[in-house]
Amino acid sequence: MAIANGSRTAVDKLAVLGWKALDVLYPPHCPFCGNLTKAGICGQCRQSLPYIMEPRCMKCGKPIKREDEEYCRDCARMRRGYDQGRSVWTHTGSVPHAIYQFKFHNKRYHAKLFAGEMVRLYGDWIGRCGIEAVVPVPLHSSRRRKRGFNQAELLARELGRRMQIPVYARAVFRIRNTRPQKQLDGRERQENLKGAFAVSKRWNCPKSVLLVDDIYTTGSTIHRIAGLLKKAGVQKVYFMTISIGQDK
Ligand SMILES: [Zn+2]
Ligand SMILES: [Zn+2]
């Protein structure tokens with residue numbers, strides 16, 4: 001008995017050590033400043049993060065300076081394939097670093113946090129839009145294999161679960177691998193995306209779709225996919241991203 005008790009204690013001790021090791025590997029820290037916190041985003045960052053508020057562009061949702069304007073500069077001069085979109089933060093301050101960590105340093109668990117903010121701030125908006133399906137912006141399969149996951153899909157799954165809306169991660173796919181968009185200007189971005197995506201023929205298109213991605217830069221990716229979805233029969237296409245570039 002003494003041995004059994006002894007071994008159980010040893011197992012318990014090992015279990016505790018195991019949890020402690022997990023805590024060291026994945027300590028609950030704020031994705032923006034790295035401070036240890038059980039609250040997800042720490043209080044200080046909550047105060048200082050560039051949350052988007054009114055007035056915002058009626059189309060892409062980015063903040064605009066004047067209340068009497070309806071659209072940002074880009075949306076005022078360009079046709080958009082989508083209907084409307086929302087993002088949690090502008091792509092400034094500590095936001096780019098947190099998203100970079102999420103994508104390239106395997107901080108997959110940040111998806112919960114980012115999706116949590118999306119729902120907290122825009123759950124009502126998603127409800128009003130009558131979204132029937134959540135669709136992540138796809139990565140090419142080779143890039144997905146290299147990274148091990150598609151960050152947009154992780155966000156979409158968290159969002160869908162919280163809003164109880166089905167997620168279709170294979171509805172849109174990338175046929176062709178493209179050059180990273182950040183190296184290109186607006187016109188090159190559009191060219192680069194030609195023939196890059198397709199909508200699955202087996203998908204029974206719903207009336208309204210929410211496209212999910214990590215960053216909205218010029219909007220060319222979302223514009224293009226929205227166009228394809230509409231051609232396939234979707235009537236309304238909305239988008240949601242963690243961050244969005246500022247109006248120039
Ligand atoms: Zn923080
Ligand atoms: Zn806009």
# chains A, B, ... in the order shown; residues from 1 in each chain; ligands from 1
call {"tool": "residues_near_ligand", "arguments": {"ligand": "ligand 2", "cutoff": "9 Å", "atoms": "only C-alpha atoms and all ligand atoms", "output": "list in words"}}
result
Arg56, Cys57, Met58, Lys59, Cys60, Gly61, Lys62, Pro63, Ile64, Glu70, Tyr71, Cys72, Arg73, Asp74, Cys75, Ala76, Gln84, Gly85 and Asp247 of chain A
call {"tool": "write_last_selection", "arguments": {"atoms": "N, CA and C atoms", "output": "PDB file, in the first residue's frame"}}
result
ATOM      1  N   ARG A  56     -17.373  56.159 -39.005  1.00  0.00           N
ATOM      2  CA  ARG A  56     -16.653  55.179 -39.821  1.00  0.00           C
ATOM      3  C   ARG A  56     -17.236  55.122 -41.226  1.00  0.00           C
ATOM      4  N   CYS A  57     -16.408  54.604 -42.150  1.00  0.00           N
ATOM      5  CA  CYS A  57     -16.823  54.468 -43.546  1.00  0.00           C
ATOM      6  C   CYS A  57     -18.018  53.518 -43.620  1.00  0.00           C
ATOM      7  N   MET A  58     -19.041  53.918 -44.382  1.00  0.00           N
ATOM      8  CA  MET A  58     -20.261  53.109 -44.504  1.00  0.00           C
ATOM      9  C   MET A  58     -19.989  51.773 -45.184  1.00  0.00           C
ATOM     10  N   LYS A  59     -18.879  51.718 -45.937  1.00  0.00           N
ATOM     11  CA  LYS A  59     -18.593  50.504 -46.705  1.00  0.00           C
ATOM     12  C   LYS A  59     -17.601  49.618 -45.934  1.00  0.00           C
ATOM     13  N   CYS A  60     -16.354  50.062 -45.827  1.00  0.00           N
ATOM     14  CA  CYS A  60     -15.318  49.192 -45.259  1.00  0.00           C
ATOM     15  C   CYS A  60     -15.229  49.313 -43.740  1.00  0.00           C
ATOM     16  N   GLY A  61     -15.839  50.350 -43.178  1.00  0.00           N
ATOM     17  CA  GLY A  61     -15.878  50.471 -41.722  1.00  0.00           C
ATOM     18  C   GLY A  61     -14.675  51.135 -41.093  1.00  0.00           C
ATOM     19  N   LYS A  62     -13.699  51.567 -41.920  1.00  0.00           N
ATOM     20  CA  LYS A  62     -12.518  52.181 -41.292  1.00  0.00           C
ATOM     21  C   LYS A  62     -12.864  53.577 -40.781  1.00  0.00           C
ATOM     22  N   PRO A  63     -12.160  54.035 -39.761  1.00  0.00           N
ATOM     23  CA  PRO A  63     -12.524  55.341 -39.213  1.00  0.00           C
ATOM     24  C   PRO A  63     -12.279  56.461 -40.217  1.00  0.00           C
ATOM     25  N   ILE A  64     -13.212  57.408 -40.271  1.00  0.00           N
ATOM     26  CA  ILE A  64     -13.029  58.585 -41.126  1.00  0.00           C
ATOM     27  C   ILE A  64     -13.040  59.814 -40.226  1.00  0.00           C
ATOM     28  N   GLU A  70     -19.584  60.048 -45.968  1.00  0.00           N
ATOM     29  CA  GLU A  70     -20.100  58.680 -45.818  1.00  0.00           C
ATOM     30  C   GLU A  70     -19.025  57.636 -46.005  1.00  0.00           C
ATOM     31  N   TYR A  71     -18.091  57.923 -46.917  1.00  0.00           N
ATOM     32  CA  TYR A  71     -17.100  56.906 -47.266  1.00  0.00           C
ATOM     33  C   TYR A  71     -15.672  57.397 -47.057  1.00  0.00           C
ATOM     34  N   CYS A  72     -14.770  56.437 -46.855  1.00  0.00           N
ATOM     35  CA  CYS A  72     -13.349  56.773 -46.805  1.00  0.00           C
ATOM     36  C   CYS A  72     -12.891  57.076 -48.228  1.00  0.00           C
ATOM     37  N   ARG A  73     -11.674  57.536 -48.376  1.00  0.00           N
ATOM     38  CA  ARG A  73     -11.193  57.910 -49.711  1.00  0.00           C
ATOM     39  C   ARG A  73     -11.230  56.749 -50.688  1.00  0.00           C
ATOM     40  N   ASP A  74     -10.765  55.588 -50.234  1.00  0.00           N
ATOM     41  CA  ASP A  74     -10.722  54.420 -51.127  1.00  0.00           C
ATOM     42  C   ASP A  74     -12.117  54.012 -51.573  1.00  0.00           C
ATOM     43  N   CYS A  75     -13.037  53.925 -50.637  1.00  0.00           N
ATOM     44  CA  CYS A  75     -14.386  53.464 -50.984  1.00  0.00           C
ATOM     45  C   CYS A  75     -15.144  54.490 -51.811  1.00  0.00           C
ATOM     46  N   ALA A  76     -14.771  55.774 -51.661  1.00  0.00           N
ATOM     47  CA  ALA A  76     -15.443  56.815 -52.440  1.00  0.00           C
ATOM     48  C   ALA A  76     -15.054  56.717 -53.914  1.00  0.00           C
ATOM     49  N   GLN A  84     -20.562  45.369 -46.911  1.00  0.00           N
ATOM     50  CA  GLN A  84     -20.095  46.153 -45.763  1.00  0.00           C
ATOM     51  C   GLN A  84     -19.135  45.315 -44.926  1.00  0.00           C
ATOM     52  N   GLY A  85     -18.304  45.995 -44.123  1.00  0.00           N
ATOM     53  CA  GLY A  85     -17.373  45.246 -43.289  1.00  0.00           C
ATOM     54  C   GLY A  85     -17.066  45.945 -41.981  1.00  0.00           C
ATOM     55  N   ASP A 247      -7.322  55.344 -43.158  1.00  0.00           N
ATOM     56  CA  ASP A 247      -7.642  56.158 -44.319  1.00  0.00           C
ATOM     57  C   ASP A 247      -6.469  57.107 -44.574  1.00  0.00           C
TER      58      ASP A 247
END
call {"tool": "residues_around", "arguments": {"residues": "A:Tyr109", "least_positions_apart": "2", "cutoff": "12 Å", "atoms": "only C-alpha atoms", "output": "PyMOL selection string"}}
result
chain A and resi 26-31+40+98-99+101-103+105-107+111-116+149+151+154-155+158
call {"tool": "closest_atom_pairs", "arguments": {"of": "chain A", "to": "ligand 1", "cutoff": "7 Å", "atoms": "only C-alpha atoms and all ligand atoms", "output": "JSON lines"}}
result
{"residue": "A:Cys30", "atom": "CA", "partner": "ligand 1", "partner_atom_place_in_ligand_line": "1 (Zn)", "distance": 4.6}
{"residue": "A:Pro31", "atom": "CA", "partner": "ligand 1", "partner_atom_place_in_ligand_line": "1 (Zn)", "distance": 6.6}
{"residue": "A:Phe32", "atom": "CA", "partner": "ligand 1", "partner_atom_place_in_ligand_line": "1 (Zn)", "distance": 4.9}
{"residue": "A:Cys33", "atom": "CA", "partner": "ligand 1", "partner_atom_place_in_ligand_line": "1 (Zn)", "distance": 4.1}
{"residue": "A:Gly34", "atom": "CA", "partner": "ligand 1", "partner_atom_place_in_ligand_line": "1 (Zn)", "distance": 6.1}
{"residue": "A:Asn35", "atom": "CA", "partner": "ligand 1", "partner_atom_place_in_ligand_line": "1 (Zn)", "distance": 5.7}
{"residue": "A:Ile41", "atom": "CA", "partner": "ligand 1", "partner_atom_place_in_ligand_line": "1 (Zn)", "distance": 5.5}
{"residue": "A:Cys42", "atom": "CA", "partner": "ligand 1", "partner_atom_place_in_ligand_line": "1 (Zn)", "distance": 4.3}
{"residue": "A:Gly43", "atom": "CA", "partner": "ligand 1", "partner_atom_place_in_ligand_line": "1 (Zn)", "distance": 6.8}
{"residue": "A:Gln44", "atom": "CA", "partner": "ligand 1", "partner_atom_place_in_ligand_line": "1 (Zn)", "distance": 5.8}
{"residue": "A:Cys45", "atom": "CA", "partner": "ligand 1", "partner_atom_place_in_ligand_line": "1 (Zn)", "distance": 4.3}
call {"tool": "select_by_dssp", "arguments": {"residues": "stretch 95-221 of chain A", "states": "alpha helix (DSSP H)", "output": "PyMOL selection string"}}
result
chain A and resi 95-104+110-129+141-147+151-163+186-193+220-221
call {"tool": "closest_atom_pairs", "arguments": {"of": "stretch 99-160 of chain A", "to": "stretch 216-236 of chain A", "cutoff": "12 Å", "atoms": "only C-alpha atoms", "output": "tab-separated table"}}
result
residue	atom	partner	partner_atom	distance
A:Cys129	CA	A:Lys236	CA	8.7
A:Gly130	CA	A:Lys236	CA	9.4
A:Ile131	CA	A:Lys236	CA	8.6
A:Glu132	CA	A:Lys236	CA	10.1
A:Ala133	CA	A:Val234	CA	10.4
A:Val135	CA	A:Ile225	CA	10.3
A:Pro136	CA	A:Ile222	CA	10.3
A:Val137	CA	A:Ile222	CA	7.8
A:Pro138	CA	A:Ile225	CA	9.9
A:Leu139	CA	A:Thr221	CA	11.4
A:Ala152	CA	A:Tyr216	CA	11.7
call {"tool": "write_last_selection", "arguments": {"atoms": "C-alpha atoms", "output": "mmCIF file, in the first residue's frame"}}
result
data_model
loop_
_atom_site.group_PDB
_atom_site.id
_atom_site.type_symbol
_atom_site.label_atom_id
_atom_site.label_comp_id
_atom_site.auth_asym_id
_atom_site.auth_seq_id
_atom_site.Cartn_x
_atom_site.Cartn_y
_atom_site.Cartn_z
ATOM 1 C CA CYS A 129 -26.815 41.471 -41.317
ATOM 2 C CA GLY A 130 -28.589 38.113 -41.161
ATOM 3 C CA ILE A 131 -25.384 36.153 -41.825
ATOM 4 C CA GLU A 132 -26.058 32.531 -42.780
ATOM 5 C CA ALA A 133 -22.488 31.336 -43.325
ATOM 6 C CA VAL A 135 -16.253 31.715 -44.757
ATOM 7 C CA PRO A 136 -12.535 32.234 -44.117
ATOM 8 C CA VAL A 137 -10.276 33.744 -46.785
ATOM 9 C CA PRO A 138 -8.328 30.664 -47.922
ATOM 10 C CA LEU A 139 -4.589 30.127 -47.990
ATOM 11 C CA ALA A 152 -8.416 33.153 -41.095
#
call {"tool": "atom_distance", "arguments": {"atom1": "atom CA of A:His110", "atom2": "atom CA of A:Gly245"}}
result
20.3 Å
call {"tool": "closest_residue", "arguments": {"among": "A:Pro166, A:Pro50, A:Gly123, A:Pro180", "to": "A:Asn192", "atoms": "only C-alpha atoms"}}
result
A:Pro180
call {"tool": "atom_distance", "arguments": {"atom1": "atom CA of A:Leu159", "atom2": "atom CA of A:Leu36"}}
result
24.8 Å
call {"tool": "atom_distance", "arguments": {"atom1": "atom CA of A:Arg143", "atom2": "atom CA of A:Gly93"}}
result
27.4 Å
call {"tool": "closest_residue", "arguments": {"among": "A:Met118, A:Ile215, A:Val172, A:Ile126", "to": "A:Ala198", "atoms": "only C-alpha atoms"}}
result
A:Val172
call {"tool": "select_by_dssp", "arguments": {"residues": "stretch 15-109 of chain A", "states": "strand (DSSP E)", "output": "JSON, numbers by chain"}}
result
{"A": [84, 85, 86, 87, 88, 89, 90]}
call {"tool": "write_last_selection", "arguments": {"atoms": "N, CA and C atoms", "output": "short mmCIF file (atom, residue, chain, number, x, y, z; two decimals), in the first residue's frame"}}
result
data_model
loop_
_atom_site.label_atom_id
_atom_site.label_comp_id
_atom_site.auth_asym_id
_atom_site.auth_seq_id
_atom_site.Cartn_x
_atom_site.Cartn_y
_atom_site.Cartn_z
N GLN A 84 -20.56 45.37 -46.91
CA GLN A 84 -20.09 46.15 -45.76
C GLN A 84 -19.13 45.32 -44.93
N GLY A 85 -18.30 45.99 -44.12
CA GLY A 85 -17.37 45.25 -43.29
C GLY A 85 -17.07 45.95 -41.98
N ARG A 86 -16.52 45.17 -41.06
CA ARG A 86 -16.13 45.69 -39.76
C ARG A 86 -14.78 45.09 -39.35
N SER A 87 -13.99 45.89 -38.64
CA SER A 87 -12.71 45.41 -38.10
C SER A 87 -12.62 45.88 -36.67
N VAL A 88 -11.87 45.14 -35.87
CA VAL A 88 -11.79 45.50 -34.44
C VAL A 88 -10.88 46.71 -34.22
N TRP A 89 -9.67 46.67 -34.82
CA TRP A 89 -8.70 47.75 -34.60
C TRP A 89 -8.17 48.28 -35.92
N THR A 90 -7.61 49.49 -35.89
CA THR A 90 -6.82 49.93 -37.04
C THR A 90 -5.46 49.22 -36.93
#
call {"tool": "closest_residue", "arguments": {"among": "A:Ala39, A:Val95, A:Leu49, A:Ala169", "to": "A:Ile242", "atoms": "only C-alpha atoms"}}
result
A:Val95
